[in-house]
Amino acid sequence: MIKTLEWTDDGVRFIDQTKLPTEEIYVTCKTYYEVADAIKTMIVRGAPAIGVAAGMGIALGVRHSKAQTADELRRDFDHICQVIGATRPTAVNLFWAIRRMQEKFASLQGQPIDHIKLELISEAQRMHVEDIAANKAMGKHGAVLLPSAGGVLTHCNAGALATAGYGTALGVIRAAVESGKKLHMFVDETRPFLQGSRLTAWELMKDNIPTTLISDNMAGAMMRQGKINAVVVGADRIAANGDVANKIGTYTVAVLAREHGIPFYVAAPISTVDLATADGSQIPIEQRASAEVTHLAGKQIAPDGVGVENPAFDVTPNKYVTAIITERGVARPPYRESLRALVGA
Ligand code: MRU
């Protein structure tokens, strides 16, 4: 399995996703500042992977703390959480992971500092293990929804690289293929950061899953030609009403799928469901540098000084979402009730 990130004695080790698919390079972050930077610069990306990276980054920061007293450790811990929390705003898994580490830290009050450090490292490692298990469960729940043969479109990368392993949307695809389904994947290249062409195509080819890469503006034509039987994507945050924030361009795909009568599935762990956010209009959308749009692989492709929009995510209204696949089962409309039931709130 692809090792997206792992805890090592030297620090947190990541496959550098900015270098794929041409170079398979690993970097080890030795401080929590380096982990924060790896999240910001997208060495590690994808909502669940960002969550686990956050947990490991916090554990790393606490491990290196020179605090001698409980108060000093609390000050260090709060600062580390603040730095990690200021990296990327949209994927709620980041904040879910920070809260989980905060709750663990609170439960350890009064214990010796060395013990607290070890417990926080274990908690981060648990997140890693649990994420893979969640993806496998999601795969089982989602695989049965797909046809026994046909074309499936995905957008961005919701694979092993976006998680601790196996993937959410690609986990569903992997499970379906493992169960004998004959699927052919269509992969949107996913401008401007090209997660589809650089990462998803790379992952699927490694697994020998038949794959066709298309540029984003080809999806409608492929649907019209009858080549796509289902769409499966991941999510960065799912609001209480089932509105889904995911990679920019997802909304376009969802509207196209509706027009062509194609089911549009979202696969995401419960840690991506944010019941505190009532609907998609309240989800913060990260704006990224204009150079990602004006340049391609370092080459300028737009005139100097042109105005640019570069929202990293969009929101797909719940009415376009056929079902939301989680590790605890499949939610169907109306989502306010079905998601609440799955979360157990
Ligand atoms: O900007 P990115 O690459 O972090 O965005 C990733 C996505 O939008 C994924 O589809 C989402 O995080 C789900 S990953 C399982």
# chains A, B, ... in the order shown; residues from 1 in each chain; ligands from 1
>>> residues_around(residues="Ile15 (chain A)", least_positions_apart="2", cutoff="12 Å", atoms="only C-alpha atoms", output="PyMOL selection string")
chain A and resi 2-6+12-13+17-21+23-29+38+42-45+49+53+160-164+199
>>> closest_atom_pairs(of="chain A", to="ligand 1", cutoff="6 Å", atoms="only C-alpha atoms and all ligand atoms", output="CSV")
residue,atom,partner,partner_atom_place_in_ligand_line,distance
A:Arg45,CA,ligand 1,4 (O),4.0
A:Gly46,CA,ligand 1,12 (O),3.5
A:Ala47,CA,ligand 1,12 (O),3.8
A:Pro48,CA,ligand 1,15 (C),5.8
A:Cys156,CA,ligand 1,10 (O),5.2
A:Asn157,CA,ligand 1,10 (O),5.3
A:Ala158,CA,ligand 1,15 (C),3.7
A:Gly159,CA,ligand 1,15 (C),5.9
A:Ala162,CA,ligand 1,14 (S),4.6
A:Thr163,CA,ligand 1,15 (C),5.7
A:Gly167,CA,ligand 1,15 (C),5.9
A:Thr168,CA,ligand 1,15 (C),5.0
A:Gly234,CA,ligand 1,13 (C),4.0
A:Ala235,CA,ligand 1,13 (C),4.2
A:Asp236,CA,ligand 1,12 (O),4.5
A:Asn246,CA,ligand 1,8 (O),4.4
A:Lys247,CA,ligand 1,8 (O),3.6
>>> atom_distance(atom1="CA of Val315 (chain A)", atom2="CA of Ile248 (chain A)")
8.2 Å
>>> closest_residue(among="A:Asp314, A:Asp16, A:Asp37, A:Asp243", to="Val266 (chain A)", atoms="only C-alpha atoms")
A:Asp243
>>> select_by_dssp(residues="region 16-217 of chain A", states="strand (DSSP E)", output="ChimeraX atom specification")
/A:26-29,149-154,182-188,211-214
>>> residues_around(residues="Glu123 (chain A)", least_positions_apart="4", cutoff="9 Å", atoms="only C-alpha atoms", output="list in words")
Gly55, Met56, Ala59, Arg100, Met101, Lys104, Leu118, Glu119, Met127 and His128 of chain A
>>> write_last_selection(atoms="N, CA, C and O atoms", output="JSON list (two decimals), in the first residue's frame")
[["chain", "number", "residue", "atom", "x", "y", "z"],
["A", 55, "GLY", "N", -2.72, 15.42, 13.55],
["A", 55, "GLY", "CA", -2.55, 14.67, 14.80],
["A", 55, "GLY", "C", -1.08, 14.34, 15.04],
["A", 55, "GLY", "O", -0.55, 14.52, 16.14],
["A", 56, "MET", "N", -0.41, 13.89, 13.99],
["A", 56, "MET", "CA", 1.01, 13.53, 14.13],
["A", 56, "MET", "C", 1.87, 14.77, 14.37],
["A", 56, "MET", "O", 2.84, 14.74, 15.13],
["A", 59, "ALA", "N", 1.54, 15.66, 17.96],
["A", 59, "ALA", "CA", 2.30, 14.70, 18.78],
["A", 59, "ALA", "C", 3.80, 14.99, 18.69],
["A", 59, "ALA", "O", 4.53, 14.93, 19.70],
["A", 100, "ARG", "N", -9.66, 16.23, 18.70],
["A", 100, "ARG", "CA", -9.43, 14.90, 19.29],
["A", 100, "ARG", "C", -8.16, 14.91, 20.14],
["A", 100, "ARG", "O", -8.13, 14.34, 21.24],
["A", 101, "MET", "N", -7.11, 15.56, 19.64],
["A", 101, "MET", "CA", -5.86, 15.64, 20.43],
["A", 101, "MET", "C", -6.08, 16.49, 21.68],
["A", 101, "MET", "O", -5.53, 16.18, 22.75],
["A", 104, "LYS", "N", -7.84, 14.37, 24.21],
["A", 104, "LYS", "CA", -6.90, 13.40, 24.78],
["A", 104, "LYS", "C", -6.00, 14.09, 25.80],
["A", 104, "LYS", "O", -5.79, 13.58, 26.92],
["A", 118, "LEU", "N", 3.88, 10.25, 25.42],
["A", 118, "LEU", "CA", 3.71, 8.94, 24.80],
["A", 118, "LEU", "C", 2.25, 8.69, 24.40],
["A", 118, "LEU", "O", 1.96, 8.14, 23.34],
["A", 119, "GLU", "N", 1.35, 9.13, 25.26],
["A", 119, "GLU", "CA", -0.08, 8.92, 24.99],
["A", 119, "GLU", "C", -0.54, 9.71, 23.76],
["A", 119, "GLU", "O", -1.38, 9.26, 22.99],
["A", 127, "MET", "N", -5.17, 7.28, 15.06],
["A", 127, "MET", "CA", -5.92, 7.95, 13.98],
["A", 127, "MET", "C", -5.54, 7.36, 12.63],
["A", 127, "MET", "O", -6.38, 7.18, 11.75],
["A", 128, "HIS", "N", -4.26, 7.08, 12.47],
["A", 128, "HIS", "CA", -3.75, 6.52, 11.22],
["A", 128, "HIS", "C", -4.38, 5.16, 10.95],
["A", 128, "HIS", "O", -4.92, 4.90, 9.87]]
>>> closest_residue(among="A:Gly329, A:Gly51, A:Pro311, A:Gly142", to="Ala124 (chain A)", atoms="only C-alpha atoms")
A:Gly51
>>> select_by_dssp(residues="region 168-271 of chain A", states="helix (DSSP H, G or I)", output="ChimeraX atom specification")
/A:169-178,195-206,216-224,250-259,270-271
>>> residues_around(residues="Gly150 (chain A)", least_positions_apart="5", cutoff="9 Å", atoms="only C-alpha atoms", output="PyMOL selection string")
chain A and resi 181-185+227-230
>>> residues_around(residues="Gln109 (chain A)", least_positions_apart="5", cutoff="12 Å", atoms="only C-alpha atoms", output="PyMOL selection string")
chain A and resi 69-71+73-74+102-104+115-117+119
>>> atom_distance(atom1="CA of Pro112 (chain A)", atom2="CA of His79 (chain A)")
20.0 Å
>>> residues_around(residues="Ser197 (chain A)", least_positions_apart="2", cutoff="9 Å", atoms="only C-alpha atoms", output="PDB file with N, CA, C and O atoms, in the first residue's frame")
ATOM      1  N   PRO A  21       3.709  12.713 -10.520  1.00  0.00           N
ATOM      2  CA  PRO A  21       4.013  11.290 -10.629  1.00  0.00           C
ATOM      3  C   PRO A  21       5.427  10.994 -11.121  1.00  0.00           C
ATOM      4  O   PRO A  21       5.791   9.821 -11.231  1.00  0.00           O
ATOM      5  N   CYS A 156     -10.514  15.055  -8.788  1.00  0.00           N
ATOM      6  CA  CYS A 156      -9.468  15.285  -7.785  1.00  0.00           C
ATOM      7  C   CYS A 156      -8.852  13.955  -7.365  1.00  0.00           C
ATOM      8  O   CYS A 156      -8.891  12.969  -8.116  1.00  0.00           O
ATOM      9  N   ASN A 157      -8.280  13.888  -6.176  1.00  0.00           N
ATOM     10  CA  ASN A 157      -7.744  12.628  -5.667  1.00  0.00           C
ATOM     11  C   ASN A 157      -8.323  12.363  -4.294  1.00  0.00           C
ATOM     12  O   ASN A 157      -8.071  13.117  -3.349  1.00  0.00           O
ATOM     13  N   VAL A 187     -10.803   9.830 -15.207  1.00  0.00           N
ATOM     14  CA  VAL A 187     -10.193  10.692 -14.197  1.00  0.00           C
ATOM     15  C   VAL A 187     -10.103  12.118 -14.728  1.00  0.00           C
ATOM     16  O   VAL A 187      -9.396  12.375 -15.714  1.00  0.00           O
ATOM     17  N   ASP A 188     -10.823  13.030 -14.092  1.00  0.00           N
ATOM     18  CA  ASP A 188     -10.684  14.460 -14.434  1.00  0.00           C
ATOM     19  C   ASP A 188      -9.285  14.918 -14.050  1.00  0.00           C
ATOM     20  O   ASP A 188      -8.836  14.654 -12.919  1.00  0.00           O
ATOM     21  N   GLU A 189      -8.623  15.664 -14.916  1.00  0.00           N
ATOM     22  CA  GLU A 189      -7.254  16.071 -14.557  1.00  0.00           C
ATOM     23  C   GLU A 189      -7.232  16.983 -13.322  1.00  0.00           C
ATOM     24  O   GLU A 189      -6.306  16.974 -12.539  1.00  0.00           O
ATOM     25  N   THR A 190      -8.306  17.783 -13.135  1.00  0.00           N
ATOM     26  CA  THR A 190      -8.469  18.610 -11.936  1.00  0.00           C
ATOM     27  C   THR A 190      -7.521  19.810 -11.902  1.00  0.00           C
ATOM     28  O   THR A 190      -6.633  19.917 -11.057  1.00  0.00           O
ATOM     29  N   LEU A 194      -4.033  19.796 -10.507  1.00  0.00           N
ATOM     30  CA  LEU A 194      -3.844  18.543 -11.236  1.00  0.00           C
ATOM     31  C   LEU A 194      -3.751  17.287 -10.362  1.00  0.00           C
ATOM     32  O   LEU A 194      -3.022  16.345 -10.673  1.00  0.00           O
ATOM     33  N   GLN A 195      -4.543  17.282  -9.300  1.00  0.00           N
ATOM     34  CA  GLN A 195      -4.542  16.089  -8.432  1.00  0.00           C
ATOM     35  C   GLN A 195      -5.025  14.854  -9.195  1.00  0.00           C
ATOM     36  O   GLN A 195      -4.624  13.728  -8.886  1.00  0.00           O
ATOM     37  N   LEU A 199      -2.000  12.448  -9.456  1.00  0.00           N
ATOM     38  CA  LEU A 199      -2.098  11.536  -8.312  1.00  0.00           C
ATOM     39  C   LEU A 199      -3.071  10.373  -8.539  1.00  0.00           C
ATOM     40  O   LEU A 199      -2.716   9.216  -8.331  1.00  0.00           O
ATOM     41  N   THR A 200      -4.315  10.703  -8.969  1.00  0.00           N
ATOM     42  CA  THR A 200      -5.309   9.635  -9.116  1.00  0.00           C
ATOM     43  C   THR A 200      -4.920   8.679 -10.242  1.00  0.00           C
ATOM     44  O   THR A 200      -4.980   7.452 -10.074  1.00  0.00           O
ATOM     45  N   ALA A 201      -4.511   9.233 -11.373  1.00  0.00           N
ATOM     46  CA  ALA A 201      -4.117   8.362 -12.490  1.00  0.00           C
ATOM     47  C   ALA A 201      -2.931   7.481 -12.071  1.00  0.00           C
ATOM     48  O   ALA A 201      -2.884   6.284 -12.376  1.00  0.00           O
ATOM     49  N   TRP A 202      -2.006   8.059 -11.335  1.00  0.00           N
ATOM     50  CA  TRP A 202      -0.815   7.326 -10.850  1.00  0.00           C
ATOM     51  C   TRP A 202      -1.221   6.161  -9.948  1.00  0.00           C
ATOM     52  O   TRP A 202      -0.780   5.030 -10.125  1.00  0.00           O
ATOM     53  N   LEU A 213      -7.580   9.215 -18.660  1.00  0.00           N
ATOM     54  CA  LEU A 213      -7.460  10.590 -18.160  1.00  0.00           C
ATOM     55  C   LEU A 213      -8.179  11.533 -19.123  1.00  0.00           C
ATOM     56  O   LEU A 213      -8.016  11.423 -20.335  1.00  0.00           O
ATOM     57  N   ILE A 214      -8.983  12.439 -18.568  1.00  0.00           N
ATOM     58  CA  ILE A 214      -9.626  13.453 -19.422  1.00  0.00           C
ATOM     59  C   ILE A 214      -9.374  14.831 -18.809  1.00  0.00           C
ATOM     60  O   ILE A 214      -9.148  14.943 -17.595  1.00  0.00           O
ATOM     61  N   SER A 215      -9.413  15.862 -19.639  1.00  0.00           N
ATOM     62  CA  SER A 215      -9.343  17.200 -19.052  1.00  0.00           C
ATOM     63  C   SER A 215     -10.738  17.516 -18.519  1.00  0.00           C
ATOM     64  O   SER A 215     -11.731  16.909 -18.927  1.00  0.00           O
TER      65      SER A 215
END
>>> atom_distance(atom1="CA of Ile132 (chain A)", atom2="CA of Ala97 (chain A)")
15.1 Å
>>> closest_atom_pairs(of="region 196-297 of chain A", to="region 303-308 of chain A", cutoff="12 Å", atoms="only C-alpha atoms", output="Markdown table")
| residue | atom | partner | partner_atom | distance |
| --- | --- | --- | --- | --- |
| A:Gln287 | CA | A:Val308 | CA | 10.7 |
| A:Arg288 | CA | A:Val308 | CA | 10.2 |
| A:Ala289 | CA | A:Val308 | CA | 9.0 |
| A:Ser290 | CA | A:Val308 | CA | 5.8 |
| A:Ala291 | CA | A:Val308 | CA | 8.8 |
| A:Glu292 | CA | A:Val308 | CA | 9.7 |
| A:Val293 | CA | A:Val308 | CA | 7.3 |
| A:Thr294 | CA | A:Val308 | CA | 7.8 |
| A:His295 | CA | A:Pro303 | CA | 10.1 |
>>> write_last_selection(atoms="N, CA and C atoms", output="PDB file, in the first residue's frame")
ATOM      1  N   GLN A 287      -8.806  30.165  -0.596  1.00  0.00           N
ATOM      2  CA  GLN A 287      -8.385  30.802  -1.845  1.00  0.00           C
ATOM      3  C   GLN A 287      -6.878  30.591  -1.963  1.00  0.00           C
ATOM      4  N   ARG A 288      -6.443  30.119  -3.102  1.00  0.00           N
ATOM      5  CA  ARG A 288      -5.008  29.856  -3.245  1.00  0.00           C
ATOM      6  C   ARG A 288      -4.365  30.842  -4.223  1.00  0.00           C
ATOM      7  N   ALA A 289      -3.053  30.763  -4.313  1.00  0.00           N
ATOM      8  CA  ALA A 289      -2.281  31.738  -5.092  1.00  0.00           C
ATOM      9  C   ALA A 289      -2.702  31.755  -6.557  1.00  0.00           C
ATOM     10  N   SER A 290      -2.710  32.943  -7.155  1.00  0.00           N
ATOM     11  CA  SER A 290      -3.108  33.073  -8.552  1.00  0.00           C
ATOM     12  C   SER A 290      -2.117  32.377  -9.488  1.00  0.00           C
ATOM     13  N   ALA A 291      -0.889  32.213  -9.043  1.00  0.00           N
ATOM     14  CA  ALA A 291       0.122  31.563  -9.896  1.00  0.00           C
ATOM     15  C   ALA A 291      -0.273  30.128 -10.249  1.00  0.00           C
ATOM     16  N   GLU A 292      -1.096  29.489  -9.415  1.00  0.00           N
ATOM     17  CA  GLU A 292      -1.535  28.121  -9.744  1.00  0.00           C
ATOM     18  C   GLU A 292      -2.386  28.113 -11.023  1.00  0.00           C
ATOM     19  N   VAL A 293      -3.011  29.271 -11.319  1.00  0.00           N
ATOM     20  CA  VAL A 293      -3.862  29.355 -12.512  1.00  0.00           C
ATOM     21  C   VAL A 293      -3.087  29.949 -13.702  1.00  0.00           C
ATOM     22  N   THR A 294      -2.242  30.922 -13.414  1.00  0.00           N
ATOM     23  CA  THR A 294      -1.534  31.606 -14.510  1.00  0.00           C
ATOM     24  C   THR A 294      -0.311  30.828 -15.007  1.00  0.00           C
ATOM     25  N   HIS A 295       0.090  29.820 -14.221  1.00  0.00           N
ATOM     26  CA  HIS A 295       1.285  29.055 -14.591  1.00  0.00           C
ATOM     27  C   HIS A 295       0.952  27.563 -14.610  1.00  0.00           C
TER      28      HIS A 295
END
>>> residues_around(residues="Thr316 (chain A)", least_positions_apart="4", cutoff="7 Å", atoms="only C-alpha atoms", output="short mmCIF file (atom, residue, chain, number, x, y, z; two decimals) with all heavy atoms, in the first residue's frame")
data_model
loop_
_atom_site.label_atom_id
_atom_site.label_comp_id
_atom_site.auth_asym_id
_atom_site.auth_seq_id
_atom_site.Cartn_x
_atom_site.Cartn_y
_atom_site.Cartn_z
N ASP A 243 -24.94 19.31 2.11
CA ASP A 243 -24.16 20.06 1.11
C ASP A 243 -22.69 19.62 1.25
O ASP A 243 -22.20 19.45 2.37
CB ASP A 243 -24.24 21.58 1.36
CG ASP A 243 -25.61 22.16 1.03
OD1 ASP A 243 -26.44 21.44 0.45
OD2 ASP A 243 -25.83 23.34 1.37
N VAL A 244 -22.02 19.48 0.11
CA VAL A 244 -20.68 18.88 0.11
C VAL A 244 -19.63 19.84 -0.43
O VAL A 244 -19.71 20.24 -1.61
CB VAL A 244 -20.66 17.59 -0.74
CG1 VAL A 244 -19.25 17.04 -0.88
CG2 VAL A 244 -21.59 16.53 -0.14
N ALA A 245 -18.65 20.20 0.38
CA ALA A 245 -17.49 20.94 -0.14
C ALA A 245 -16.45 19.93 -0.61
O ALA A 245 -16.10 19.00 0.12
CB ALA A 245 -16.89 21.83 0.94
N THR A 250 -16.10 20.03 -8.67
CA THR A 250 -17.00 18.94 -8.28
C THR A 250 -18.45 19.32 -8.56
O THR A 250 -19.25 18.50 -9.04
CB THR A 250 -16.81 18.61 -6.78
OG1 THR A 250 -15.44 18.29 -6.55
CG2 THR A 250 -17.69 17.46 -6.35
N TYR A 251 -18.79 20.56 -8.27
CA TYR A 251 -20.16 21.04 -8.50
C TYR A 251 -20.56 20.88 -9.97
O TYR A 251 -21.64 20.41 -10.29
CB TYR A 251 -20.24 22.51 -8.04
CG TYR A 251 -21.50 23.23 -8.43
CD1 TYR A 251 -22.75 22.73 -8.13
CD2 TYR A 251 -21.43 24.45 -9.12
CE1 TYR A 251 -23.91 23.41 -8.49
CE2 TYR A 251 -22.58 25.14 -9.48
CZ TYR A 251 -23.82 24.61 -9.17
OH TYR A 251 -24.95 25.28 -9.54
N TYR A 320 -28.05 17.41 -5.48
CA TYR A 320 -27.34 16.69 -6.55
C TYR A 320 -26.69 15.40 -6.06
O TYR A 320 -26.10 14.66 -6.84
CB TYR A 320 -26.26 17.58 -7.17
CG TYR A 320 -26.84 18.77 -7.90
CD1 TYR A 320 -26.70 20.05 -7.37
CD2 TYR A 320 -27.54 18.62 -9.09
CE1 TYR A 320 -27.23 21.16 -8.03
CE2 TYR A 320 -28.08 19.71 -9.75
CZ TYR A 320 -27.93 20.97 -9.21
OH TYR A 320 -28.47 22.04 -9.86
#
>>> decode(residues="region 70-81 of chain A", atoms="all heavy atoms", output="short mmCIF file (atom, residue, chain, number, x, y, z; two decimals), in the first residue's frame")
data_model
loop_
_atom_site.label_atom_id
_atom_site.label_comp_id
_atom_site.auth_asym_id
_atom_site.auth_seq_id
_atom_site.Cartn_x
_atom_site.Cartn_y
_atom_site.Cartn_z
N ALA A 70 3.27 21.25 34.16
CA ALA A 70 2.02 21.03 33.43
C ALA A 70 1.58 22.31 32.73
O ALA A 70 1.09 22.28 31.60
CB ALA A 70 0.94 20.55 34.40
N ASP A 71 1.77 23.46 33.40
CA ASP A 71 1.37 24.74 32.81
C ASP A 71 2.18 25.05 31.55
O ASP A 71 1.63 25.51 30.54
CB ASP A 71 1.58 25.89 33.81
CG ASP A 71 0.36 26.04 34.70
OD1 ASP A 71 -0.63 25.32 34.43
OD2 ASP A 71 0.42 26.86 35.63
N GLU A 72 3.49 24.80 31.65
CA GLU A 72 4.35 25.05 30.47
C GLU A 72 3.95 24.13 29.31
O GLU A 72 3.89 24.56 28.15
CB GLU A 72 5.83 24.80 30.81
CG GLU A 72 6.44 25.92 31.64
CD GLU A 72 7.80 25.54 32.22
OE1 GLU A 72 8.35 24.46 31.85
OE2 GLU A 72 8.31 26.31 33.04
N LEU A 73 3.62 22.87 29.62
CA LEU A 73 3.24 21.93 28.57
C LEU A 73 1.91 22.37 27.94
O LEU A 73 1.75 22.32 26.72
CB LEU A 73 3.10 20.51 29.14
CG LEU A 73 2.95 19.43 28.07
CD1 LEU A 73 4.22 19.30 27.22
CD2 LEU A 73 2.62 18.07 28.68
N ARG A 74 0.99 22.84 28.75
CA ARG A 74 -0.30 23.31 28.22
C ARG A 74 -0.08 24.50 27.28
O ARG A 74 -0.68 24.56 26.21
CB ARG A 74 -1.23 23.65 29.41
CG ARG A 74 -2.09 24.83 29.31
CD ARG A 74 -3.46 24.65 28.68
NE ARG A 74 -4.16 23.43 29.06
CZ ARG A 74 -5.01 22.79 28.26
NH1 ARG A 74 -5.23 23.22 27.04
NH2 ARG A 74 -5.64 21.71 28.65
N ARG A 75 0.83 25.43 27.68
CA ARG A 75 1.11 26.58 26.80
C ARG A 75 1.69 26.12 25.47
O ARG A 75 1.28 26.56 24.41
CB ARG A 75 2.07 27.57 27.48
CG ARG A 75 1.35 28.68 28.26
CD ARG A 75 2.29 29.84 28.57
NE ARG A 75 3.37 29.44 29.46
CZ ARG A 75 3.24 29.33 30.79
NH1 ARG A 75 2.09 29.58 31.38
NH2 ARG A 75 4.26 28.98 31.55
N ASP A 76 2.64 25.21 25.54
CA ASP A 76 3.25 24.68 24.30
C ASP A 76 2.19 23.99 23.44
O ASP A 76 2.11 24.20 22.23
CB ASP A 76 4.37 23.67 24.63
CG ASP A 76 5.64 24.37 25.06
OD1 ASP A 76 5.66 25.62 25.04
OD2 ASP A 76 6.60 23.66 25.45
N PHE A 77 1.38 23.16 24.10
CA PHE A 77 0.35 22.39 23.38
C PHE A 77 -0.61 23.34 22.65
O PHE A 77 -0.90 23.15 21.46
CB PHE A 77 -0.41 21.50 24.37
CG PHE A 77 -1.50 20.68 23.74
CD1 PHE A 77 -1.20 19.48 23.10
CD2 PHE A 77 -2.82 21.11 23.77
CE1 PHE A 77 -2.21 18.73 22.49
CE2 PHE A 77 -3.82 20.37 23.17
CZ PHE A 77 -3.52 19.18 22.52
N ASP A 78 -1.06 24.37 23.36
CA ASP A 78 -2.01 25.31 22.74
C ASP A 78 -1.38 26.00 21.52
O ASP A 78 -2.03 26.19 20.50
CB ASP A 78 -2.47 26.37 23.75
CG ASP A 78 -3.41 25.77 24.79
OD1 ASP A 78 -3.89 24.64 24.57
OD2 ASP A 78 -3.64 26.42 25.82
N HIS A 79 -0.11 26.37 21.66
CA HIS A 79 0.57 27.05 20.56
C HIS A 79 0.71 26.11 19.35
O HIS A 79 0.45 26.51 18.21
CB HIS A 79 1.94 27.56 21.01
CG HIS A 79 2.71 28.21 19.90
ND1 HIS A 79 2.34 29.42 19.36
CD2 HIS A 79 3.77 27.78 19.18
CE1 HIS A 79 3.16 29.72 18.37
NE2 HIS A 79 4.03 28.75 18.24
N ILE A 80 1.07 24.87 19.62
CA ILE A 80 1.23 23.89 18.53
C ILE A 80 -0.11 23.73 17.79
O ILE A 80 -0.17 23.76 16.56
CB ILE A 80 1.70 22.52 19.09
CG1 ILE A 80 3.11 22.65 19.68
CG2 ILE A 80 1.67 21.45 18.00
CD1 ILE A 80 3.48 21.50 20.63
N CYS A 81 -1.19 23.60 18.56
CA CYS A 81 -2.52 23.42 17.94
C CYS A 81 -2.89 24.64 17.10
O CYS A 81 -3.49 24.50 16.02
CB CYS A 81 -3.59 23.19 19.01
SG CYS A 81 -3.43 21.59 19.81
#
